[in-house]
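Structure below is input.pdb: PDB, C-alpha atoms and all ligand atoms.
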ATOM      1  CA  MET A   1     232.414 -93.782  79.540  1.00  0.00           C
ATOM      2  CA  THR A   2     236.095 -94.178  80.300  1.00  0.00           C
ATOM      3  CA  ASP A   3     237.261 -97.473  81.656  1.00  0.00           C
ATOM      4  CA  ILE A   4     238.556 -97.074  85.201  1.00  0.00           C
ATOM      5  CA  LEU A   5     241.232 -99.713  84.566  1.00  0.00           C
ATOM      6  CA  SER A   6     242.651 -97.767  81.621  1.00  0.00           C
ATOM      7  CA  ILE A   7     242.857 -94.674  83.810  1.00  0.00           C
ATOM      8  CA  GLU A   8     244.655 -96.681  86.464  1.00  0.00           C
ATOM      9  CA  SER A   9     247.193 -98.063  84.015  1.00  0.00           C
ATOM     10  CA  GLU A  10     247.697 -94.591  82.600  1.00  0.00           C
ATOM     11  CA  ILE A  11     248.457 -93.242  86.057  1.00  0.00           C
ATOM     12  CA  LYS A  12     250.826 -96.127  86.730  1.00  0.00           C
ATOM     13  CA  ASN A  13     252.643 -95.460  83.465  1.00  0.00           C
ATOM     14  CA  SER A  14     253.110 -91.784  84.138  1.00  0.00           C
ATOM     15  CA  LEU A  15     254.182 -92.512  87.701  1.00  0.00           C
ATOM     16  CA  SER A  16     256.820 -95.003  86.599  1.00  0.00           C
ATOM     17  CA  SER A  17     258.197 -92.546  84.044  1.00  0.00           C
ATOM     18  CA  LEU A  18     258.306 -89.918  86.786  1.00  0.00           C
ATOM     19  CA  TRP A  19     260.244 -92.294  88.999  1.00  0.00           C
ATOM     20  CA  ARG A  20     262.673 -92.990  86.182  1.00  0.00           C
ATOM     21  CA  GLU A  21     263.293 -89.253  85.866  1.00  0.00           C
ATOM     22  CA  ILE A  22     263.787 -88.888  89.615  1.00  0.00           C
ATOM     23  CA  VAL A  23     266.303 -91.742  89.665  1.00  0.00           C
ATOM     24  CA  GLU A  24     268.211 -90.191  86.748  1.00  0.00           C
ATOM     25  CA  ILE A  25     268.285 -86.788  88.456  1.00  0.00           C
ATOM     26  CA  ARG A  26     269.504 -88.360  91.694  1.00  0.00           C
ATOM     27  CA  GLU A  27     272.304 -90.100  89.836  1.00  0.00           C
ATOM     28  CA  GLU A  28     273.325 -86.804  88.215  1.00  0.00           C
ATOM     29  CA  ILE A  29     273.334 -85.041  91.597  1.00  0.00           C
ATOM     30  CA  TYR A  30     275.443 -87.826  93.070  1.00  0.00           C
ATOM     31  CA  LYS A  31     277.982 -87.539  90.250  1.00  0.00           C
ATOM     32  CA  VAL A  32     278.241 -83.762  90.683  1.00  0.00           C
ATOM     33  CA  LYS A  33     278.623 -84.072  94.448  1.00  0.00           C
ATOM     34  CA  LYS A  34     281.276 -86.748  94.069  1.00  0.00           C
ATOM     35  CA  ASN A  35     283.313 -84.603  91.697  1.00  0.00           C
ATOM     36  CA  SER A  36     282.966 -81.294  93.492  1.00  0.00           C
ATOM     37  CA  LYS A  37     285.232 -80.400  96.366  1.00  0.00           C
ATOM     38  CA  GLN A  38     283.918 -79.525  99.783  1.00  0.00           C
ATOM     39  CA  LEU A  39     283.482 -75.882 100.656  1.00  0.00           C
ATOM     40  CA  CYS A  40     285.576 -74.810 103.601  1.00  0.00           C
ATOM     41  CA  PRO A  41     283.332 -74.994 106.683  1.00  0.00           C
ATOM     42  CA  VAL A  42     285.103 -72.075 108.337  1.00  0.00           C
ATOM     43  CA  CYS A  43     285.002 -69.392 105.648  1.00  0.00           C
ATOM     44  CA  LEU A  44     282.261 -71.074 103.549  1.00  0.00           C
ATOM     45  CA  GLY A  45     284.304 -70.791 100.394  1.00  0.00           C
ATOM     46  CA  HIS A  46     285.234 -67.133 100.754  1.00  0.00           C
ATOM     47  CA  GLY A  47     288.837 -67.825 101.717  1.00  0.00           C
ATOM     48  CA  LEU A  48     288.654 -64.937 104.170  1.00  0.00           C
ATOM     49  CA  VAL A  49     287.492 -64.615 107.750  1.00  0.00           C
ATOM     50  CA  PRO A  50     286.909 -61.468 109.830  1.00  0.00           C
ATOM     51  CA  GLN A  51     290.059 -60.237 111.475  1.00  0.00           C
ATOM     52  CA  GLY A  52     290.308 -61.597 114.984  1.00  0.00           C
ATOM     53  CA  PHE A  53     288.364 -64.713 114.039  1.00  0.00           C
ATOM     54  CA  TYR A  54     291.063 -66.921 115.516  1.00  0.00           C
ATOM     55  CA  LEU A  55     291.678 -64.683 118.515  1.00  0.00           C
ATOM     56  CA  TYR A  56     288.134 -64.577 119.843  1.00  0.00           C
ATOM     57  CA  PRO A  57     285.526 -67.308 119.811  1.00  0.00           C
ATOM     58  CA  PRO A  58     282.398 -66.460 117.792  1.00  0.00           C
ATOM     59  CA  HIS A  59     279.272 -65.004 119.423  1.00  0.00           C
ATOM     60  CA  GLN A  60     281.316 -62.967 121.855  1.00  0.00           C
ATOM     61  CA  GLU A  61     280.911 -59.237 122.098  1.00  0.00           C
ATOM     62  CA  THR A  62     284.551 -58.687 121.301  1.00  0.00           C
ATOM     63  CA  TYR A  63     284.142 -60.687 118.117  1.00  0.00           C
ATOM     64  CA  SER A  64     281.122 -58.829 116.762  1.00  0.00           C
ATOM     65  CA  SER A  65     282.640 -55.451 117.586  1.00  0.00           C
ATOM     66  CA  ILE A  66     285.693 -56.145 115.463  1.00  0.00           C
ATOM     67  CA  ASN A  67     285.439 -54.105 112.307  1.00  0.00           C
ATOM     68  CA  ALA A  68     288.684 -54.531 110.458  1.00  0.00           C
ATOM     69  CA  SER A  69     289.778 -55.952 107.132  1.00  0.00           C
ATOM     70  CA  PRO A  70     289.386 -59.713 106.849  1.00  0.00           C
ATOM     71  CA  GLU A  71     292.311 -62.058 107.159  1.00  0.00           C
ATOM     72  CA  LYS A  72     293.114 -65.213 105.249  1.00  0.00           C
ATOM     73  CA  CYS A  73     291.305 -68.359 106.386  1.00  0.00           C
ATOM     74  CA  ARG A  74     293.758 -70.706 108.056  1.00  0.00           C
ATOM     75  CA  THR A  75     291.692 -73.832 107.556  1.00  0.00           C
ATOM     76  CA  CYS A  76     291.799 -73.765 103.774  1.00  0.00           C
ATOM     77  CA  ASN A  77     294.720 -71.328 103.495  1.00  0.00           C
ATOM     78  CA  GLY A  78     292.558 -68.823 101.606  1.00  0.00           C
ATOM     79  CA  VAL A  79     291.531 -71.271  98.901  1.00  0.00           C
ATOM     80  CA  GLY A  80     287.925 -71.646 100.051  1.00  0.00           C
ATOM     81  CA  ILE A  81     287.764 -75.413  99.502  1.00  0.00           C
ATOM     82  CA  THR A  82     289.139 -78.289 101.519  1.00  0.00           C
TER      83      THR A  82
HETATM   84 ZN    ZN A 101     288.463 -71.425 104.641  1.00  0.00          ZN
END

Step by step, read the file and then write its structure as structure tokens.
Amino acid sequence: MTDILSIESEIKNSLSSLWREIVEIREEIYKVKKNSKQLCPVCLGHGLVPQGFYLYPPHQETYSSINASPEKCRTCNGVGIT
């Protein structure tokens, strides 16, 4: 018969190693986030916005009916990152 205490310590060991992995992953994510630049919130990294984007506010009928070539995003100047 297996000792219940040995099972408990086994679970605790595997849990603590899991936590160590989670902490390491979180640190990696933090490093990546710190180094990466922010995507432009206006064009979401595309560098382009629909033509008329700056003339008409979004969610207006005039805006959604515009069907022309996109223009350069003015927020990031077409780069896509800020
Ligand atoms: Zn942009």

- Query: Evaluating the PyMOL selection byres (((not hetatm)) within 10 of (chain A and resi 101)) on the displayed file yields which residues, as a PyMOL selection string?
  - Reply: chain A and resi 39-49+72-82

- Item | Separation of atom CA of A:Lys34 from atom CA of A:Ser16, in Å and rounded to one decimal |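 Between atom CA of A:Lys34 and atom CA of A:Ser16 the gap works out to 26.9 Å.
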
- May I ask for the distance between atom CA of A:Glu27 and atom CA of A:Lys12, given in Å to one decimal place?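 Atom CA of A:Lys12 lies at a distance of 22.5 Å from atom CA of A:Glu27.
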